[in-house]
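Coordinates from upload-v6.txt are shown below (compact mmCIF, C-alpha atoms).
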```txt
# COMPACT_ATOMS: atom_id res chain seq x y z
CA MET A 892 -93.54 -130.15 -118.91
CA ASN A 893 -91.46 -131.20 -115.93
CA ILE A 894 -89.95 -134.63 -116.18
CA THR A 895 -87.47 -136.39 -113.93
CA PRO A 896 -84.31 -137.94 -115.43
CA ASN A 897 -85.84 -141.37 -114.83
CA GLU A 898 -88.94 -140.50 -116.79
CA TYR A 899 -86.79 -139.06 -119.53
CA ASN A 900 -84.81 -142.32 -119.75
CA GLU A 901 -88.05 -144.26 -120.04
CA MET A 902 -89.27 -141.97 -122.80
CA ALA A 903 -85.96 -142.14 -124.65
CA LYS A 904 -86.06 -145.91 -124.44
CA LYS A 905 -89.53 -146.01 -125.97
CA ALA A 906 -88.67 -143.54 -128.71
CA SER A 907 -85.34 -145.03 -129.81
CA PRO A 908 -85.49 -147.87 -132.30
CA GLY A 909 -84.90 -151.16 -130.49
CA THR A 910 -82.06 -153.41 -131.55
CA LYS A 911 -83.61 -155.97 -133.83
CA SER A 912 -81.62 -158.96 -132.64
CA TYR A 913 -83.68 -161.39 -134.70
CA LYS A 914 -82.17 -159.65 -137.73
CA THR A 915 -78.71 -158.61 -136.53
CA ILE A 916 -77.61 -161.98 -135.11
CA PRO A 917 -78.46 -164.07 -138.22
CA ALA A 918 -76.88 -161.34 -140.40
CA ALA A 919 -73.66 -161.50 -138.33
CA PHE A 920 -73.69 -165.31 -138.49
CA LEU A 921 -74.23 -165.36 -142.25
CA VAL A 922 -71.66 -162.74 -143.26
CA GLY A 923 -69.07 -163.84 -140.68
CA GLY A 924 -69.53 -167.44 -141.76
CA LEU A 925 -69.11 -166.50 -145.42
CA ILE A 926 -65.89 -164.57 -144.73
CA CYS A 927 -64.49 -167.63 -142.92
CA THR A 928 -65.62 -169.89 -145.79
CA LEU A 929 -63.77 -167.60 -148.20
CA GLY A 930 -60.75 -167.90 -145.90
CA GLN A 931 -61.00 -171.69 -146.08
CA LEU A 932 -61.21 -171.53 -149.88
CA LEU A 933 -58.11 -169.29 -150.10
CA ASN A 934 -56.30 -171.57 -147.66
CA ASN A 935 -57.04 -174.63 -149.81
CA VAL A 936 -56.00 -172.86 -153.01
CA TYR A 937 -52.68 -171.85 -151.42
CA MET A 938 -52.07 -175.36 -150.09
CA ASP A 939 -52.85 -176.82 -153.53
CA ALA A 940 -50.24 -174.40 -154.88
CA GLY A 941 -47.68 -176.15 -152.67
CA MET A 942 -47.59 -173.99 -149.55
CA SER A 943 -47.23 -175.59 -146.11
CA LYS A 944 -50.18 -175.44 -143.72
CA ASP A 945 -48.74 -172.56 -141.68
CA THR A 946 -47.63 -170.58 -144.73
CA ALA A 947 -51.02 -171.00 -146.41
CA SER A 948 -52.75 -169.79 -143.24
CA THR A 949 -50.47 -166.73 -143.04
CA VAL A 950 -50.93 -165.85 -146.72
CA THR A 951 -54.71 -166.27 -146.31
CA SER A 952 -54.65 -163.70 -143.49
CA ILE A 953 -52.57 -161.31 -145.61
CA THR A 954 -55.01 -161.69 -148.53
CA LEU A 955 -58.06 -161.03 -146.36
CA ILE A 956 -56.38 -158.04 -144.71
CA PHE A 957 -55.51 -156.60 -148.14
CA ALA A 958 -59.03 -157.17 -149.51
CA ALA A 959 -60.67 -155.56 -146.48
CA ALA A 960 -58.28 -152.57 -146.59
CA LEU A 961 -59.12 -152.02 -150.26
CA LEU A 962 -62.88 -152.40 -149.69
CA THR A 963 -62.63 -149.91 -146.82
CA GLY A 964 -60.86 -147.43 -149.10
CA LEU A 965 -63.65 -147.85 -151.66
CA ASN A 966 -66.21 -147.25 -148.88
CA LEU A 967 -67.74 -150.68 -149.53
CA TYR A 968 -66.68 -152.44 -146.33
CA ASN A 969 -68.56 -149.96 -144.16
CA LYS A 970 -71.70 -150.52 -146.23
CA ILE A 971 -71.51 -154.30 -145.72
CA ALA A 972 -70.75 -153.70 -142.02
CA LYS A 973 -73.98 -151.75 -141.58
CA PHE A 974 -75.86 -154.94 -142.42
CA ALA A 975 -73.46 -157.50 -140.97
CA GLY A 976 -72.50 -155.90 -137.64
CA ALA A 977 -70.16 -158.27 -135.80
CA GLY A 978 -70.04 -160.46 -138.92
CA THR A 979 -67.62 -157.97 -140.44
CA LEU A 980 -66.04 -156.93 -137.11
CA VAL A 981 -64.90 -160.23 -135.60
CA PRO A 982 -63.00 -161.69 -138.61
CA ILE A 983 -59.44 -160.46 -139.30
CA THR A 984 -61.01 -158.27 -142.03
CA GLY A 985 -62.63 -156.23 -139.24
CA PHE A 986 -59.18 -155.63 -137.74
CA SER A 987 -58.01 -154.40 -141.15
CA ASN A 988 -61.06 -152.15 -141.44
CA GLY A 989 -60.30 -150.81 -137.95
CA VAL A 990 -56.82 -149.85 -139.15
CA VAL A 991 -57.82 -148.17 -142.42
CA SER A 992 -61.01 -146.40 -141.35
CA PRO A 993 -59.61 -144.01 -138.72
CA ALA A 994 -56.36 -143.52 -140.68
CA LEU A 995 -58.36 -142.39 -143.70
CA GLU A 996 -60.76 -140.28 -141.69
CA PHE A 997 -58.04 -138.38 -139.84
CA LYS A 998 -55.72 -137.91 -142.83
CA SER A 999 -56.89 -134.28 -142.88
CA GLU A 1000 -55.11 -133.78 -139.52
CA GLY A 1001 -51.76 -134.59 -141.10
CA TYR A 1002 -49.71 -137.54 -142.25
CA VAL A 1003 -47.92 -138.12 -138.95
CA LEU A 1004 -50.29 -137.34 -136.08
CA GLY A 1005 -53.39 -137.79 -138.25
CA LEU A 1006 -52.98 -140.77 -140.55
CA GLY A 1007 -49.96 -142.28 -138.80
CA ALA A 1008 -51.27 -142.06 -135.25
CA LYS A 1009 -54.96 -142.79 -135.84
CA LEU A 1010 -54.05 -145.93 -137.78
CA PHE A 1011 -53.55 -147.48 -134.34
CA VAL A 1012 -56.75 -146.31 -132.65
CA ILE A 1013 -58.24 -149.82 -132.86
CA ALA A 1014 -55.17 -151.86 -133.76
CA GLY A 1015 -53.18 -150.39 -130.85
CA PRO A 1016 -55.37 -151.73 -128.03
CA VAL A 1017 -55.69 -155.10 -129.79
CA ILE A 1018 -51.90 -155.39 -130.07
CA VAL A 1019 -51.29 -154.07 -126.52
CA TYR A 1020 -53.62 -156.57 -124.85
CA GLY A 1021 -52.83 -159.44 -127.21
CA ILE A 1022 -49.06 -159.15 -126.87
CA THR A 1023 -49.22 -158.58 -123.11
CA ALA A 1024 -51.45 -161.63 -122.64
CA SER A 1025 -49.10 -163.72 -124.75
CA ALA A 1026 -46.02 -162.52 -122.80
CA VAL A 1027 -47.74 -163.35 -119.48
CA TYR A 1028 -48.59 -166.77 -120.90
CA GLY A 1029 -44.94 -167.23 -121.91
CA VAL A 1030 -43.69 -166.38 -118.41
CA ILE A 1031 -46.19 -168.84 -116.89
CA LEU A 1032 -45.02 -171.52 -119.32
CA TYR A 1033 -41.42 -170.84 -118.36
CA LEU A 1034 -41.95 -170.69 -114.58
CA PHE A 1035 -43.99 -173.88 -114.43
CA LYS A 1036 -41.92 -175.63 -117.11
CA LEU A 1037 -44.99 -176.35 -119.19
CA TYR A 1038 -43.24 -176.19 -122.54
CA MET B 1329 -66.83 -180.10 -148.77
CA MET B 1330 -67.45 -180.64 -145.08
CA GLU B 1331 -64.51 -178.40 -144.14
CA TYR B 1332 -66.28 -175.45 -145.79
CA LEU B 1333 -69.43 -176.18 -143.82
CA TYR B 1334 -67.51 -176.39 -140.54
CA ALA B 1335 -65.62 -173.18 -141.36
CA PHE B 1336 -68.94 -171.45 -142.09
CA LEU B 1337 -70.68 -172.72 -138.96
CA VAL B 1338 -67.87 -172.09 -136.46
CA GLY B 1339 -66.87 -168.75 -138.01
CA GLY B 1340 -70.51 -167.71 -138.13
CA LEU B 1341 -71.05 -168.73 -134.53
CA LEU B 1342 -68.04 -166.72 -133.30
CA CYS B 1343 -69.44 -163.67 -135.14
CA ALA B 1344 -72.95 -164.28 -133.78
CA ILE B 1345 -71.52 -164.27 -130.24
CA GLY B 1346 -69.92 -160.91 -131.05
CA GLN B 1347 -73.29 -159.62 -132.23
CA VAL B 1348 -74.95 -160.76 -129.00
CA LEU B 1349 -72.29 -158.80 -127.09
CA ILE B 1350 -73.01 -155.70 -129.22
CA ASP B 1351 -76.79 -155.99 -128.85
CA TYR B 1352 -77.03 -156.91 -125.17
CA THR B 1353 -73.98 -155.34 -123.49
CA LYS B 1354 -72.40 -151.92 -123.68
CA LEU B 1355 -69.19 -153.31 -125.17
CA THR B 1356 -67.85 -151.14 -128.00
CA PRO B 1357 -66.42 -152.78 -131.15
CA ALA B 1358 -62.86 -152.00 -129.98
CA ARG B 1359 -63.49 -153.75 -126.65
CA ILE B 1360 -64.96 -156.75 -128.42
CA LEU B 1361 -61.87 -157.07 -130.62
CA VAL B 1362 -59.62 -156.80 -127.55
CA ALA B 1363 -61.74 -159.39 -125.71
CA TYR B 1364 -61.58 -161.78 -128.68
CA VAL B 1365 -57.79 -161.54 -128.97
CA VAL B 1366 -57.24 -162.06 -125.23
CA ALA B 1367 -59.79 -164.91 -125.23
CA GLY B 1368 -57.84 -166.47 -128.11
CA VAL B 1369 -54.58 -166.25 -126.15
CA ILE B 1370 -56.19 -167.83 -123.07
CA LEU B 1371 -58.06 -170.56 -124.99
CA GLY B 1372 -54.91 -171.27 -126.99
CA GLY B 1373 -52.84 -171.34 -123.82
CA ILE B 1374 -55.03 -173.89 -122.06
CA GLY B 1375 -55.17 -176.01 -125.19
CA LEU B 1376 -58.84 -175.57 -126.09
CA TYR B 1377 -58.43 -173.61 -129.30
CA GLU B 1378 -56.14 -176.02 -131.13
CA PRO B 1379 -58.89 -178.70 -131.47
CA LEU B 1380 -61.26 -176.02 -132.79
CA VAL B 1381 -58.69 -175.07 -135.45
CA GLU B 1382 -58.30 -178.74 -136.38
CA PHE B 1383 -62.07 -179.03 -136.69
CA ALA B 1384 -63.05 -175.74 -138.33
CA GLY B 1385 -59.89 -174.53 -140.10
CA ALA B 1386 -60.42 -170.94 -141.27
CA GLY B 1387 -63.64 -170.83 -139.23
CA ALA B 1388 -61.37 -170.69 -136.17
CA THR B 1389 -58.28 -168.94 -137.57
CA VAL B 1390 -59.99 -166.04 -139.43
CA PRO B 1391 -61.90 -164.58 -136.42
CA LEU B 1392 -59.79 -162.44 -134.08
CA THR B 1393 -59.69 -165.24 -131.51
CA GLY B 1394 -57.52 -167.00 -134.11
CA PHE B 1395 -55.09 -164.09 -133.93
CA GLY B 1396 -54.87 -164.60 -130.16
CA TYR B 1397 -54.38 -168.32 -130.67
CA LEU B 1398 -51.55 -167.56 -133.11
CA LEU B 1399 -49.87 -165.37 -130.45
CA SER B 1400 -50.08 -168.13 -127.82
CA LYS B 1401 -48.82 -170.75 -130.26
CA GLY B 1402 -45.85 -168.54 -131.21
CA VAL B 1403 -44.98 -167.93 -127.56
CA LYS B 1404 -45.18 -171.62 -126.70
CA GLU B 1405 -42.82 -172.58 -129.53
CA ALA B 1406 -40.43 -169.72 -128.71
CA VAL B 1407 -40.29 -170.53 -124.98
CA ALA B 1408 -39.53 -174.18 -125.80
CA GLU B 1409 -36.70 -173.02 -128.03
CA LYS B 1410 -35.20 -170.01 -126.22
CA GLY B 1411 -36.52 -170.16 -122.67
CA LEU B 1412 -37.73 -166.96 -121.00
CA LEU B 1413 -36.65 -164.81 -123.96
CA GLY B 1414 -39.29 -166.62 -125.99
CA ALA B 1415 -42.02 -164.98 -123.88
CA MET B 1416 -40.80 -161.67 -125.35
CA THR B 1417 -40.27 -162.75 -128.96
CA GLY B 1418 -42.80 -165.49 -129.68
CA GLY B 1419 -46.00 -163.47 -129.93
CA LEU B 1420 -44.86 -160.74 -132.29
CA THR B 1421 -42.84 -163.18 -134.38
CA ALA B 1422 -45.95 -165.29 -135.00
CA ALA B 1423 -48.13 -162.22 -135.61
CA ALA B 1424 -45.54 -160.34 -137.70
CA ALA B 1425 -47.11 -160.99 -141.11
CA GLY B 1426 -50.63 -160.02 -140.00
CA ILE B 1427 -49.58 -156.85 -138.19
CA THR B 1428 -47.23 -155.76 -140.98
CA ALA B 1429 -49.89 -156.43 -143.63
CA ALA B 1430 -52.47 -154.41 -141.70
CA VAL B 1431 -50.08 -151.49 -141.15
CA VAL B 1432 -48.65 -151.39 -144.69
CA PHE B 1433 -51.92 -151.95 -146.58
CA GLY B 1434 -53.70 -149.67 -144.13
CA PHE B 1435 -51.15 -146.94 -144.68
CA LEU B 1436 -51.22 -147.26 -148.47
CA VAL B 1437 -55.02 -147.29 -148.70
CA ALA B 1438 -55.33 -144.31 -146.35
CA LEU B 1439 -52.70 -142.51 -148.44
CA ILE B 1440 -54.32 -143.17 -151.82
CA PHE B 1441 -58.06 -143.00 -151.13
CA LYS B 1442 -60.11 -139.98 -150.14
CA PRO B 1443 -62.19 -140.07 -146.96
CA LYS B 1444 -65.88 -140.48 -147.75
CA ASP B 1445 -68.74 -138.61 -146.17
CA LYS B 1446 -70.02 -140.88 -143.41
CA SER B 1447 -73.66 -140.02 -144.08
CA VAL B 1448 -73.51 -141.39 -147.64
```

Would you mind writing the file's structure down as C-alpha cells?
Amino acid sequence: MNITPNEYNEMAKKASPGTKSYKTIPAAFLVGGLICTLGQLLNNVYMDAGMSKDTASTVTSITLIFAAALLTGLNLYNKIAKFAGAGTLVPITGFSNGVVSPALEFKSEGYVLGLGAKLFVIAGPVIVYGITASAVYGVILYLFKLY
Amino acid sequence: MMEYLYAFLVGGLLCAIGQVLIDYTKLTPARILVAYVVAGVILGGIGLYEPLVEFAGAGATVPLTGFGYLLSKGVKEAVAEKGLLGAMTGGLTAAAAGITAAVVFGFLVALIFKPKDKSV
C-alpha cells in the first residue's frame, strides 16, 4: 500500500486516542484546586502557630515541596499526575516532582553527572528564565525610578 | 471558610489553564512551568498579581506563577533598598527557601529511593 505522508498523518490522527479534554481539564482543576486548598490550610495552621504572613507562606512552600519530593520517591506522585495532568504540574509540588523525578531516574549514570546534573533538567530552565526575568524587571525599576 | 473556596477556585483555574495548554498546544510540561514563572514575574511586576494573592491566598501563591510573583516582589524590595544591586540579589534572596528546599529534599529523596519502572 502506497500512502503519502499526508495520508499517513491523517491515519495516525484517527488511530491515536484523542485527548479527552472534558476529563483532563476538570481533573486538573480539581486536583490543582485541592493542592492549593491544602496550601491554604497549612498557611493558616502556621499563622495560628505565631508565624508572620511571609514566614508562613515560605514554610508552606517548603512543606509542599518536601511532601511532593517524598511522594515522588514513593512513586505515588507520578500516579496522581497521570490522572491530574496540569493539576499536579502547575503547583509548586510539580516543580518539586520535576526536580526529584529525573534525579532519581538518572542516578544509575552516577552521583555527579547523573543525579546531580539531571536534578536541574526541569528546575534549571525555570530558575534561568525566572531569575533573568526578575533581574530585567529590577533594572527597569531602577532606570525608571519606579521603586 | 471563604478563603479555602477562593484558594480552591483560583488555584484550580490556574491548573485548568495549564491543562488547556497541554491539550491544545504543543507546549511541553517544562515549557509550561517556565511560562508560568515568567508570567508570574511580569504580572507581579505590573502589579496585577498582588491583588490575586490578597484575594486567593495559597490559590495564587502555590501555583508556579506565585513563584514568579515572589521573585518580582523580592527584586522590588531589594531595588528600593540597595538600588541597582537589588536587581541582582532580590530574586534569589526571595526564592532562596523554595530553591534550597527543592534541591536538598530532591537530592535526599533521589539518594535514598530506588528508581521505579516507569511502566508500573

Fill in: chain A residues near chain B (6 Å cut-off, only C-alpha atoms) as a ChimeraX atom specification
/A:916,919-920,923-925,927-928,930-931,953,960,964,977-978,981-983,987,990-991,994-996,1013,1017,1021,1025-1026,1029-1030,1033,1038

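Interatomic distance, atom CA of A:Phe986 against atom CA of A:Ala959: 8.9 Å.
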
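Here the question is which of A:Pro993, A:Lys914, A:Ile1018, A:Thr951 gets nearest to A:Leu1006 using all atoms listed in the file, and that residue is A:Pro993.
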
Worksheet item: In Å to one decimal, how far is atom CA of A:Val1012 from atom CA of A:Ser999?
Response: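 Atom-to-atom, atom CA of A:Ser999 to atom CA of A:Val1012, that is 15.8 Å.
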
Could stretch 948-970 of chain A be completed with N, CA and C atoms and returned as a PDB file, in the coordinates of the input?
```pdb
ATOM      1  N   SER A 948     -51.917-170.507-144.202  1.00  0.00           N
ATOM      2  CA  SER A 948     -52.750-169.790-143.240  1.00  0.00           C
ATOM      3  C   SER A 948     -52.317-168.325-143.133  1.00  0.00           C
ATOM      4  N   THR A 949     -50.989-168.100-143.112  1.00  0.00           N
ATOM      5  CA  THR A 949     -50.470-166.730-143.040  1.00  0.00           C
ATOM      6  C   THR A 949     -50.834-165.937-144.287  1.00  0.00           C
ATOM      7  N   VAL A 950     -50.653-166.559-145.466  1.00  0.00           N
ATOM      8  CA  VAL A 950     -50.930-165.850-146.720  1.00  0.00           C
ATOM      9  C   VAL A 950     -52.436-165.586-146.854  1.00  0.00           C
ATOM     10  N   THR A 951     -53.259-166.495-146.332  1.00  0.00           N
ATOM     11  CA  THR A 951     -54.710-166.270-146.310  1.00  0.00           C
ATOM     12  C   THR A 951     -55.036-165.013-145.506  1.00  0.00           C
ATOM     13  N   SER A 952     -54.424-164.889-144.323  1.00  0.00           N
ATOM     14  CA  SER A 952     -54.650-163.700-143.490  1.00  0.00           C
ATOM     15  C   SER A 952     -54.246-162.434-144.233  1.00  0.00           C
ATOM     16  N   ILE A 953     -53.066-162.482-144.882  1.00  0.00           N
ATOM     17  CA  ILE A 953     -52.570-161.310-145.610  1.00  0.00           C
ATOM     18  C   ILE A 953     -53.555-160.928-146.723  1.00  0.00           C
ATOM     19  N   THR A 954     -54.060-161.949-147.437  1.00  0.00           N
ATOM     20  CA  THR A 954     -55.010-161.690-148.530  1.00  0.00           C
ATOM     21  C   THR A 954     -56.280-161.033-148.014  1.00  0.00           C
ATOM     22  N   LEU A 955     -56.817-161.583-146.921  1.00  0.00           N
ATOM     23  CA  LEU A 955     -58.060-161.030-146.360  1.00  0.00           C
ATOM     24  C   LEU A 955     -57.844-159.608-145.845  1.00  0.00           C
ATOM     25  N   ILE A 956     -56.689-159.372-145.224  1.00  0.00           N
ATOM     26  CA  ILE A 956     -56.380-158.040-144.710  1.00  0.00           C
ATOM     27  C   ILE A 956     -56.292-157.039-145.871  1.00  0.00           C
ATOM     28  N   PHE A 957     -55.639-157.473-146.959  1.00  0.00           N
ATOM     29  CA  PHE A 957     -55.510-156.600-148.140  1.00  0.00           C
ATOM     30  C   PHE A 957     -56.888-156.298-148.729  1.00  0.00           C
ATOM     31  N   ALA A 958     -57.697-157.345-148.903  1.00  0.00           N
ATOM     32  CA  ALA A 958     -59.030-157.170-149.510  1.00  0.00           C
ATOM     33  C   ALA A 958     -59.881-156.217-148.669  1.00  0.00           C
ATOM     34  N   ALA A 959     -59.845-156.393-147.345  1.00  0.00           N
ATOM     35  CA  ALA A 959     -60.670-155.560-146.480  1.00  0.00           C
ATOM     36  C   ALA A 959     -60.166-154.111-146.481  1.00  0.00           C
ATOM     37  N   ALA A 960     -58.834-153.923-146.549  1.00  0.00           N
ATOM     38  CA  ALA A 960     -58.280-152.570-146.590  1.00  0.00           C
ATOM     39  C   ALA A 960     -58.760-151.862-147.866  1.00  0.00           C
ATOM     40  N   LEU A 961     -58.702-152.587-148.979  1.00  0.00           N
ATOM     41  CA  LEU A 961     -59.120-152.020-150.260  1.00  0.00           C
ATOM     42  C   LEU A 961     -60.615-151.684-150.247  1.00  0.00           C
ATOM     43  N   LEU A 962     -61.430-152.631-149.753  1.00  0.00           N
ATOM     44  CA  LEU A 962     -62.880-152.400-149.690  1.00  0.00           C
ATOM     45  C   LEU A 962     -63.217-151.236-148.772  1.00  0.00           C
ATOM     46  N   THR A 963     -62.403-151.046-147.715  1.00  0.00           N
ATOM     47  CA  THR A 963     -62.630-149.910-146.820  1.00  0.00           C
ATOM     48  C   THR A 963     -62.321-148.608-147.552  1.00  0.00           C
ATOM     49  N   GLY A 964     -61.230-148.608-148.314  1.00  0.00           N
ATOM     50  CA  GLY A 964     -60.860-147.430-149.100  1.00  0.00           C
ATOM     51  C   GLY A 964     -61.941-147.060-150.101  1.00  0.00           C
ATOM     52  N   LEU A 965     -62.581-148.070-150.660  1.00  0.00           N
ATOM     53  CA  LEU A 965     -63.650-147.850-151.660  1.00  0.00           C
ATOM     54  C   LEU A 965     -64.995-147.567-151.000  1.00  0.00           C
ATOM     55  N   ASN A 966     -65.000-147.517-149.655  1.00  0.00           N
ATOM     56  CA  ASN A 966     -66.210-147.250-148.880  1.00  0.00           C
ATOM     57  C   ASN A 966     -67.264-148.359-149.008  1.00  0.00           C
ATOM     58  N   LEU A 967     -66.805-149.560-149.390  1.00  0.00           N
ATOM     59  CA  LEU A 967     -67.740-150.680-149.530  1.00  0.00           C
ATOM     60  C   LEU A 967     -67.825-151.501-148.251  1.00  0.00           C
ATOM     61  N   TYR A 968     -66.681-151.614-147.545  1.00  0.00           N
ATOM     62  CA  TYR A 968     -66.680-152.440-146.330  1.00  0.00           C
ATOM     63  C   TYR A 968     -67.662-151.890-145.295  1.00  0.00           C
ATOM     64  N   ASN A 969     -67.662-150.568-145.147  1.00  0.00           N
ATOM     65  CA  ASN A 969     -68.560-149.960-144.160  1.00  0.00           C
ATOM     66  C   ASN A 969     -70.019-150.197-144.504  1.00  0.00           C
ATOM     67  N   LYS A 970     -70.317-150.275-145.812  1.00  0.00           N
ATOM     68  CA  LYS A 970     -71.700-150.520-146.230  1.00  0.00           C
ATOM     69  C   LYS A 970     -72.116-151.949-145.875  1.00  0.00           C
TER      70      LYS A 970
END
```
